[in-house]
>>> print(open('start.tsv').read())   # TSV, N, CA, C and O atoms
chain	number	residue	atom	x	y	z
A	14	VAL	N	7.32	-114.30	2.78
A	14	VAL	CA	7.58	-113.51	1.59
A	14	VAL	C	6.26	-113.17	0.89
A	14	VAL	O	6.05	-112.03	0.49
A	15	ILE	N	5.39	-114.16	0.75
A	15	ILE	CA	4.09	-113.93	0.09
A	15	ILE	C	3.25	-112.98	0.93
A	15	ILE	O	2.57	-112.10	0.39
A	16	GLU	N	3.35	-113.11	2.26
A	16	GLU	CA	2.57	-112.23	3.14
A	16	GLU	C	3.02	-110.77	3.00
A	16	GLU	O	2.20	-109.86	2.94
A	17	SER	N	4.32	-110.56	2.95
A	17	SER	CA	4.81	-109.19	2.81
A	17	SER	C	4.49	-108.64	1.42
A	17	SER	O	4.20	-107.44	1.26
A	18	LEU	N	4.50	-109.49	0.38
A	18	LEU	CA	4.12	-109.07	-0.95
A	18	LEU	C	2.65	-108.68	-1.00
A	18	LEU	O	2.29	-107.65	-1.58
A	19	MET	N	1.78	-109.46	-0.37
A	19	MET	CA	0.34	-109.15	-0.31
A	19	MET	C	0.11	-107.84	0.47
A	19	MET	O	-0.71	-107.03	0.08
A	20	PHE	N	0.84	-107.71	1.57
A	20	PHE	CA	0.73	-106.48	2.35
A	20	PHE	C	1.14	-105.27	1.51
A	20	PHE	O	0.47	-104.24	1.51
A	21	TYR	N	2.25	-105.40	0.79
A	21	TYR	CA	2.74	-104.33	-0.07
A	21	TYR	C	1.72	-103.97	-1.14
A	21	TYR	O	1.44	-102.80	-1.39
A	22	ILE	N	1.12	-104.94	-1.78
A	22	ILE	CA	0.12	-104.72	-2.82
A	22	ILE	C	-1.12	-104.04	-2.22
A	22	ILE	O	-1.65	-103.09	-2.79
A	23	CYS	N	-1.58	-104.53	-1.09
A	23	CYS	CA	-2.77	-103.94	-0.45
A	23	CYS	C	-2.54	-102.49	-0.05
A	23	CYS	O	-3.41	-101.64	-0.25
A	24	VAL	N	-1.38	-102.21	0.50
A	24	VAL	CA	-1.06	-100.84	0.92
A	24	VAL	C	-1.01	-99.92	-0.31
A	24	VAL	O	-1.53	-98.80	-0.28
A	25	ASN	N	-0.43	-100.40	-1.40
A	25	ASN	CA	-0.38	-99.58	-2.62
A	25	ASN	C	-1.75	-99.36	-3.21
A	25	ASN	O	-2.06	-98.26	-3.70
A	26	VAL	N	-2.61	-100.36	-3.21
A	26	VAL	CA	-3.96	-100.21	-3.74
A	26	VAL	C	-4.75	-99.21	-2.89
A	26	VAL	O	-5.44	-98.33	-3.41
A	27	ILE	N	-4.62	-99.30	-1.59
A	27	ILE	CA	-5.28	-98.34	-0.69
A	27	ILE	C	-4.75	-96.93	-0.95
A	27	ILE	O	-5.51	-95.95	-1.00
A	28	GLY	N	-3.45	-96.81	-1.13
A	28	GLY	CA	-2.85	-95.50	-1.42
A	28	GLY	C	-3.38	-94.91	-2.72
A	28	GLY	O	-3.64	-93.71	-2.81
A	29	ILE	N	-3.56	-95.76	-3.73
A	29	ILE	CA	-4.10	-95.28	-5.01
A	29	ILE	C	-5.52	-94.79	-4.83
A	29	ILE	O	-5.90	-93.74	-5.37
A	30	PHE	N	-6.32	-95.51	-4.05
A	30	PHE	CA	-7.71	-95.09	-3.84
A	30	PHE	C	-7.81	-93.79	-3.06
A	30	PHE	O	-8.78	-93.06	-3.20
A	31	PHE	N	-6.82	-93.48	-2.26
A	31	PHE	CA	-6.82	-92.19	-1.55
A	31	PHE	C	-6.19	-91.09	-2.40
A	31	PHE	O	-6.62	-89.95	-2.38
A	32	HIS	N	-5.14	-91.44	-3.13
A	32	HIS	CA	-4.41	-90.43	-3.89
A	32	HIS	C	-5.19	-89.93	-5.10
A	32	HIS	O	-5.23	-88.72	-5.36
A	33	TYR	N	-5.81	-90.79	-5.86
A	33	TYR	CA	-6.47	-90.41	-7.10
A	33	TYR	C	-7.61	-89.40	-6.88
A	33	TYR	O	-7.63	-88.35	-7.53
A	34	PRO	N	-8.55	-89.65	-5.98
A	34	PRO	CA	-9.61	-88.63	-5.76
A	34	PRO	C	-9.06	-87.30	-5.25
A	34	PRO	O	-9.54	-86.23	-5.62
A	35	LEU	N	-8.02	-87.37	-4.42
A	35	LEU	CA	-7.40	-86.14	-3.92
A	35	LEU	C	-6.76	-85.37	-5.06
A	35	LEU	O	-6.89	-84.14	-5.14
A	36	GLU	N	-6.08	-86.06	-5.94
A	36	GLU	CA	-5.44	-85.43	-7.09
A	36	GLU	C	-6.48	-84.79	-8.01
A	36	GLU	O	-6.31	-83.66	-8.49
A	37	VAL	N	-7.58	-85.48	-8.25
A	37	VAL	CA	-8.66	-84.94	-9.10
A	37	VAL	C	-9.23	-83.68	-8.46
A	37	VAL	O	-9.46	-82.67	-9.14
A	38	GLU	N	-9.47	-83.70	-7.17
A	38	GLU	CA	-10.02	-82.55	-6.46
A	38	GLU	C	-9.06	-81.36	-6.50
A	38	GLU	O	-9.48	-80.21	-6.70
A	39	GLN	N	-7.78	-81.62	-6.32
A	39	GLN	CA	-6.79	-80.54	-6.36
A	39	GLN	C	-6.71	-79.93	-7.76
A	39	GLN	O	-6.63	-78.70	-7.90
A	40	ARG	N	-6.77	-80.74	-8.78
A	40	ARG	CA	-6.72	-80.21	-10.15
A	40	ARG	C	-7.98	-79.39	-10.46
A	40	ARG	O	-7.90	-78.34	-11.10
A	41	GLN	N	-9.12	-79.86	-9.99
A	41	GLN	CA	-10.36	-79.12	-10.21
A	41	GLN	C	-10.33	-77.78	-9.48
A	41	GLN	O	-10.73	-76.75	-10.02
A	42	THR	N	-9.84	-77.79	-8.24
A	42	THR	CA	-9.74	-76.55	-7.47
A	42	THR	C	-8.79	-75.57	-8.14
A	42	THR	O	-9.07	-74.38	-8.24
A	43	PHE	N	-7.66	-76.08	-8.62
A	43	PHE	CA	-6.71	-75.22	-9.32
A	43	PHE	C	-7.34	-74.62	-10.57
A	43	PHE	O	-7.20	-73.43	-10.85
A	44	SER	N	-8.05	-75.43	-11.33
A	44	SER	CA	-8.71	-74.95	-12.55
A	44	SER	C	-9.75	-73.89	-12.24
A	44	SER	O	-9.83	-72.86	-12.93
A	45	GLU	N	-10.56	-74.10	-11.21
A	45	GLU	CA	-11.57	-73.12	-10.83
A	45	GLU	C	-10.93	-71.81	-10.36
A	45	GLU	O	-11.40	-70.72	-10.69
A	46	THR	N	-9.85	-71.91	-9.60
A	46	THR	CA	-9.15	-70.72	-9.13
A	46	THR	C	-8.56	-69.95	-10.30
A	46	THR	O	-8.66	-68.72	-10.37
A	47	ARG	N	-7.97	-70.68	-11.23
A	47	ARG	CA	-7.40	-70.05	-12.42
A	47	ARG	C	-8.48	-69.34	-13.24
A	47	ARG	O	-8.30	-68.20	-13.67
A	48	ASN	N	-9.62	-69.98	-13.43
A	48	ASN	CA	-10.72	-69.37	-14.17
A	48	ASN	C	-11.24	-68.12	-13.46
A	48	ASN	O	-11.57	-67.13	-14.11
A	49	CYS	N	-11.30	-68.18	-12.14
A	49	CYS	CA	-11.75	-67.02	-11.36
A	49	CYS	C	-10.80	-65.84	-11.54
A	49	CYS	O	-11.24	-64.70	-11.71
A	50	ILE	N	-9.52	-66.11	-11.53
A	50	ILE	CA	-8.53	-65.05	-11.71
A	50	ILE	C	-8.63	-64.46	-13.11
A	50	ILE	O	-8.56	-63.24	-13.30
A	51	ILE	N	-8.82	-65.33	-14.11
A	51	ILE	CA	-8.95	-64.85	-15.49
A	51	ILE	C	-10.17	-63.95	-15.62
A	51	ILE	O	-10.11	-62.88	-16.24
A	52	VAL	N	-11.30	-64.36	-15.05
A	52	VAL	CA	-12.52	-63.55	-15.12
A	52	VAL	C	-12.33	-62.23	-14.40
A	52	VAL	O	-12.76	-61.17	-14.89
A	53	ARG	N	-11.66	-62.25	-13.26
A	53	ARG	CA	-11.41	-61.01	-12.52
A	53	ARG	C	-10.54	-60.05	-13.34
A	53	ARG	O	-10.80	-58.84	-13.40
A	54	LEU	N	-9.51	-60.57	-13.99
A	54	LEU	CA	-8.64	-59.73	-14.81
A	54	LEU	C	-9.41	-59.16	-16.01
A	54	LEU	O	-9.23	-57.99	-16.36
A	55	GLU	N	-10.26	-59.97	-16.61
A	55	GLU	CA	-11.07	-59.48	-17.74
A	55	GLU	C	-12.04	-58.40	-17.27
A	55	GLU	O	-12.26	-57.40	-17.97
A	56	THR	N	-12.62	-58.58	-16.08
A	56	THR	CA	-13.53	-57.57	-15.54
A	56	THR	C	-12.80	-56.26	-15.26
A	56	THR	O	-13.31	-55.18	-15.57
A	57	GLN	N	-11.61	-56.36	-14.69
A	57	GLN	CA	-10.83	-55.15	-14.43
A	57	GLN	C	-10.47	-54.44	-15.75
A	57	GLN	O	-10.53	-53.21	-15.83
A	58	LYS	N	-10.12	-55.23	-16.74
A	58	LYS	CA	-9.78	-54.65	-18.05
A	58	LYS	C	-10.98	-53.94	-18.65
A	58	LYS	O	-10.87	-52.83	-19.19
A	59	GLU	N	-12.15	-54.56	-18.56
A	59	GLU	CA	-13.38	-53.96	-19.08
A	59	GLU	C	-13.73	-52.70	-18.30
A	59	GLU	O	-14.16	-51.70	-18.90
A	60	ASN	N	-13.55	-52.70	-17.00
A	60	ASN	CA	-13.81	-51.50	-16.19
A	60	ASN	C	-12.89	-50.36	-16.60
A	60	ASN	O	-13.31	-49.19	-16.66
A	61	GLN	N	-11.63	-50.68	-16.88
A	61	GLN	CA	-10.70	-49.64	-17.33
A	61	GLN	C	-11.11	-49.08	-18.69
A	61	GLN	O	-11.03	-47.88	-18.91
A	62	ARG	N	-11.58	-49.94	-19.58
A	62	ARG	CA	-12.04	-49.48	-20.89
A	62	ARG	C	-13.26	-48.56	-20.73
A	62	ARG	O	-13.37	-47.53	-21.40
A	63	GLN	N	-14.19	-48.94	-19.85
A	63	GLN	CA	-15.36	-48.11	-19.62
A	63	GLN	C	-14.97	-46.76	-19.02
A	63	GLN	O	-15.53	-45.72	-19.40
A	64	GLU	N	-14.01	-46.78	-18.12
A	64	GLU	CA	-13.54	-45.54	-17.51
A	64	GLU	C	-12.93	-44.62	-18.57
A	64	GLU	O	-13.21	-43.42	-18.60
A	65	ARG	N	-12.09	-45.18	-19.44
A	65	ARG	CA	-11.48	-44.37	-20.51
A	65	ARG	C	-12.55	-43.82	-21.45
A	65	ARG	O	-12.47	-42.67	-21.87
A	66	LEU	N	-13.54	-44.64	-21.77
A	66	LEU	CA	-14.62	-44.17	-22.65
A	66	LEU	C	-15.40	-43.04	-21.99
A	66	LEU	O	-15.69	-42.03	-22.63
A	67	LEU	N	-15.72	-43.20	-20.73
A	67	LEU	CA	-16.46	-42.16	-20.00
A	67	LEU	C	-15.66	-40.86	-19.97
A	67	LEU	O	-16.20	-39.78	-20.22
A	68	LEU	N	-14.37	-40.97	-19.69
A	68	LEU	CA	-13.53	-39.77	-19.61
A	68	LEU	C	-13.27	-39.17	-20.99
A	68	LEU	O	-12.92	-37.99	-21.09
A	69	SER	N	-13.43	-39.95	-22.04
A	69	SER	CA	-13.25	-39.37	-23.38
A	69	SER	C	-14.48	-38.58	-23.81
A	69	SER	O	-14.39	-37.76	-24.72
A	70	VAL	N	-15.61	-38.83	-23.17
A	70	VAL	CA	-16.85	-38.15	-23.53
A	70	VAL	C	-17.15	-36.99	-22.60
A	70	VAL	O	-17.60	-35.93	-23.05
A	71	LEU	N	-16.89	-37.17	-21.32
A	71	LEU	CA	-17.23	-36.15	-20.32
A	71	LEU	C	-15.97	-35.61	-19.66
A	71	LEU	O	-14.97	-36.32	-19.53
A	72	PRO	N	-16.03	-34.37	-19.18
A	72	PRO	CA	-14.91	-33.85	-18.38
A	72	PRO	C	-14.77	-34.67	-17.09
A	72	PRO	O	-15.74	-35.24	-16.59
A	73	ARG	N	-13.57	-34.71	-16.60
A	73	ARG	CA	-13.27	-35.57	-15.44
A	73	ARG	C	-14.15	-35.24	-14.24
A	73	ARG	O	-14.68	-36.14	-13.59
A	74	HIS	N	-14.33	-33.95	-13.90
A	74	HIS	CA	-15.11	-33.61	-12.72
A	74	HIS	C	-16.58	-34.02	-12.87
A	74	HIS	O	-17.21	-34.44	-11.91
A	75	VAL	N	-17.12	-33.94	-14.09
A	75	VAL	CA	-18.51	-34.34	-14.31
A	75	VAL	C	-18.62	-35.87	-14.23
A	75	VAL	O	-19.54	-36.41	-13.63
A	76	ALA	N	-17.65	-36.57	-14.81
A	76	ALA	CA	-17.67	-38.03	-14.78
A	76	ALA	C	-17.56	-38.55	-13.34
A	76	ALA	O	-18.27	-39.48	-12.96
A	77	LEU	N	-16.69	-37.94	-12.55
A	77	LEU	CA	-16.55	-38.37	-11.16
A	77	LEU	C	-17.81	-38.10	-10.35
A	77	LEU	O	-18.22	-38.92	-9.52
A	78	GLU	N	-18.44	-36.93	-10.59
A	78	GLU	CA	-19.68	-36.61	-9.90
A	78	GLU	C	-20.78	-37.60	-10.29
A	78	GLU	O	-21.53	-38.09	-9.44
A	79	MET	N	-20.85	-37.92	-11.57
A	79	MET	CA	-21.87	-38.84	-12.05
A	79	MET	C	-21.65	-40.24	-11.46
A	79	MET	O	-22.59	-40.89	-11.00
A	80	LYS	N	-20.41	-40.70	-11.43
A	80	LYS	CA	-20.12	-42.02	-10.85
A	80	LYS	C	-20.46	-42.07	-9.37
A	80	LYS	O	-21.00	-43.06	-8.87
A	81	ALA	N	-20.17	-40.99	-8.66
A	81	ALA	CA	-20.49	-40.94	-7.23
A	81	ALA	C	-21.99	-40.98	-7.00
A	81	ALA	O	-22.48	-41.68	-6.10
A	82	ASP	N	-22.75	-40.24	-7.82
A	82	ASP	CA	-24.21	-40.25	-7.69
A	82	ASP	C	-24.79	-41.63	-8.00
A	82	ASP	O	-25.70	-42.09	-7.33
A	83	ILE	N	-24.29	-42.26	-9.03
A	83	ILE	CA	-24.79	-43.60	-9.40
A	83	ILE	C	-24.46	-44.60	-8.31
A	83	ILE	O	-25.29	-45.44	-7.95
A	84	ALA	N	-23.26	-44.53	-7.75
A	84	ALA	CA	-22.87	-45.46	-6.69
A	84	ALA	C	-23.71	-45.23	-5.43
A	84	ALA	O	-24.04	-46.17	-4.71
A	85	GLU	N	-24.07	-43.98	-5.19
A	85	GLU	CA	-24.85	-43.64	-4.00
A	85	GLU	C	-26.31	-44.06	-4.13
A	85	GLU	O	-26.91	-44.55	-3.19
A	86	ASN	N	-26.89	-43.90	-5.32
A	86	ASN	CA	-28.31	-44.17	-5.53
A	86	ASN	C	-28.48	-45.30	-6.54
A	86	ASN	O	-28.94	-45.08	-7.65
A	87	LYS	N	-28.16	-46.51	-6.15
A	87	LYS	CA	-28.23	-47.63	-7.09
A	87	LYS	C	-29.66	-48.03	-7.43
A	87	LYS	O	-29.92	-48.56	-8.48
A	88	ARG	N	-30.61	-47.78	-6.56
A	88	ARG	CA	-31.98	-48.23	-6.78
A	88	ARG	C	-32.75	-47.33	-7.75
A	88	ARG	O	-33.72	-47.73	-8.34
A	89	GLU	N	-32.31	-46.11	-7.92
A	89	GLU	CA	-32.98	-45.20	-8.83
A	89	GLU	C	-32.52	-45.48	-10.26
A	89	GLU	O	-31.61	-46.25	-10.50
A	90	SER	N	-33.18	-44.83	-11.18
A	90	SER	CA	-32.82	-45.05	-12.59
A	90	SER	C	-31.43	-44.47	-12.86
A	90	SER	O	-30.93	-43.62	-12.13
A	91	MET	N	-30.86	-44.90	-13.95
A	91	MET	CA	-29.52	-44.45	-14.30
A	91	MET	C	-29.47	-42.96	-14.63
A	91	MET	O	-28.48	-42.30	-14.39
A	92	PHE	N	-30.53	-42.41	-15.21
A	92	PHE	CA	-30.52	-41.03	-15.65
A	92	PHE	C	-31.41	-40.19	-14.74
A	92	PHE	O	-32.35	-39.56	-15.18
A	93	HIS	N	-31.10	-40.19	-13.47
A	93	HIS	CA	-31.94	-39.50	-12.50
A	93	HIS	C	-31.52	-38.05	-12.27
A	93	HIS	O	-32.21	-37.31	-11.60
A	94	LYS	N	-30.42	-37.62	-12.81
A	94	LYS	CA	-29.95	-36.26	-12.57
A	94	LYS	C	-29.33	-35.73	-13.85
A	94	LYS	O	-28.66	-36.45	-14.58
A	95	ILE	N	-29.58	-34.47	-14.12
A	95	ILE	CA	-28.99	-33.82	-15.28
A	95	ILE	C	-27.74	-33.10	-14.79
A	95	ILE	O	-27.78	-32.31	-13.85
A	96	TYR	N	-26.62	-33.36	-15.44
A	96	TYR	CA	-25.34	-32.80	-15.01
A	96	TYR	C	-25.03	-31.54	-15.82
A	96	TYR	O	-24.20	-31.53	-16.72
A	97	ILE	N	-25.76	-30.48	-15.48
A	97	ILE	CA	-25.56	-29.20	-16.14
A	97	ILE	C	-25.19	-28.20	-15.05
A	97	ILE	O	-25.83	-28.14	-14.00
A	98	GLN	N	-24.18	-27.40	-15.33
A	98	GLN	CA	-23.77	-26.39	-14.38
A	98	GLN	C	-23.65	-25.05	-15.11
A	98	GLN	O	-23.29	-24.99	-16.28
A	99	ARG	N	-23.98	-24.01	-14.40
A	99	ARG	CA	-23.89	-22.67	-14.98
A	99	ARG	C	-22.55	-22.05	-14.58
A	99	ARG	O	-22.16	-22.09	-13.41
A	100	HIS	N	-21.88	-21.48	-15.57
A	100	HIS	CA	-20.60	-20.83	-15.33
A	100	HIS	C	-20.69	-19.38	-15.78
A	100	HIS	O	-21.15	-19.09	-16.88
A	101	ASP	N	-20.27	-18.48	-14.93
A	101	ASP	CA	-20.27	-17.07	-15.26
A	101	ASP	C	-18.90	-16.67	-15.80
A	101	ASP	O	-17.88	-17.26	-15.45
A	102	ASN	N	-18.89	-15.65	-16.65
A	102	ASN	CA	-17.65	-15.09	-17.21
A	102	ASN	C	-16.79	-16.13	-17.92
A	102	ASN	O	-15.60	-16.27	-17.67
A	103	VAL	N	-17.41	-16.86	-18.78
A	103	VAL	CA	-16.66	-17.87	-19.53
A	103	VAL	C	-16.32	-17.34	-20.89
A	103	VAL	O	-17.02	-16.75	-21.59
>>> encode(input="start.tsv", output="structure tokens")
Amino acid sequence: VIESLMFYICVNVIGIFFHYPLEVEQRQTFSETRNCIIVRLETQKENQRQERLLLSVLPRHVALEMKADIAENKRESMFHKIYIQRHDNV
């Protein structure tokens, strides 16, 4: 009886030593994943705000052209091209 009780206690202590660090690691991983998702959602929200601001200042075709040029030439300065077009019979 004492032997089985000692065995039971030892097995439970070993289980605790394996379970606790695993539980801590899982909680930390969950927390990091949650924070990553929150940051991603905030970034998407900020990108949408910037897009709305850009479209409120510039016509859509000019804004799209400007975004395409900036995405294409990231190493150059931000203001490397003047977005002026000549229109006849306006």
>>> atom_distance(input="start.tsv", atom1="atom C of Ser69 in chain A", atom2="atom N of Ala81 in chain A")
16.4 Å
>>> select_by_dssp(input="start.tsv", residues="chain A", states="alpha helix (DSSP H)", output="VMD selection string")
chain A and resid 15 to 70 73 to 85
>>> axis_aligned_box(input="start.tsv", around="range 18-32 of chain A", padding_each_side="3 Å", output="JSON")
{"center_x": -2.1, "center_y": -99.1, "center_z": -1.5, "size_x": 19.3, "size_y": 26.8, "size_z": 13.7}
>>> atom_distance(input="start.tsv", atom1="CA of His32 in chain A", atom2="CA of Ile50 in chain A")
26.9 Å
>>> atom_distance(input="start.tsv", atom1="atom C of Glu36 in chain A", atom2="atom C of Asn48 in chain A")
18.2 Å
>>> decode(input="start.tsv", residues="range 27-40 of chain A", atoms="C-alpha atoms", output="tab-separated table (two decimals), in the first residue's frame")
chain	number	residue	atom	x	y	z
A	27	ILE	CA	6.70	14.25	-12.37
A	28	GLY	CA	3.47	15.14	-14.18
A	29	ILE	CA	3.41	18.55	-12.51
A	30	PHE	CA	7.00	19.23	-13.55
A	31	PHE	CA	6.10	18.44	-17.16
A	32	HIS	CA	2.69	20.09	-17.20
A	33	TYR	CA	3.54	23.46	-15.63
A	34	PRO	CA	6.30	24.56	-18.06
A	35	LEU	CA	4.20	23.37	-20.99
A	36	GLU	CA	1.21	25.36	-19.72
A	37	VAL	CA	3.36	28.49	-19.28
A	38	GLU	CA	4.76	28.12	-22.81
A	39	GLN	CA	1.30	27.65	-24.32
A	40	ARG	CA	-0.05	30.72	-22.53
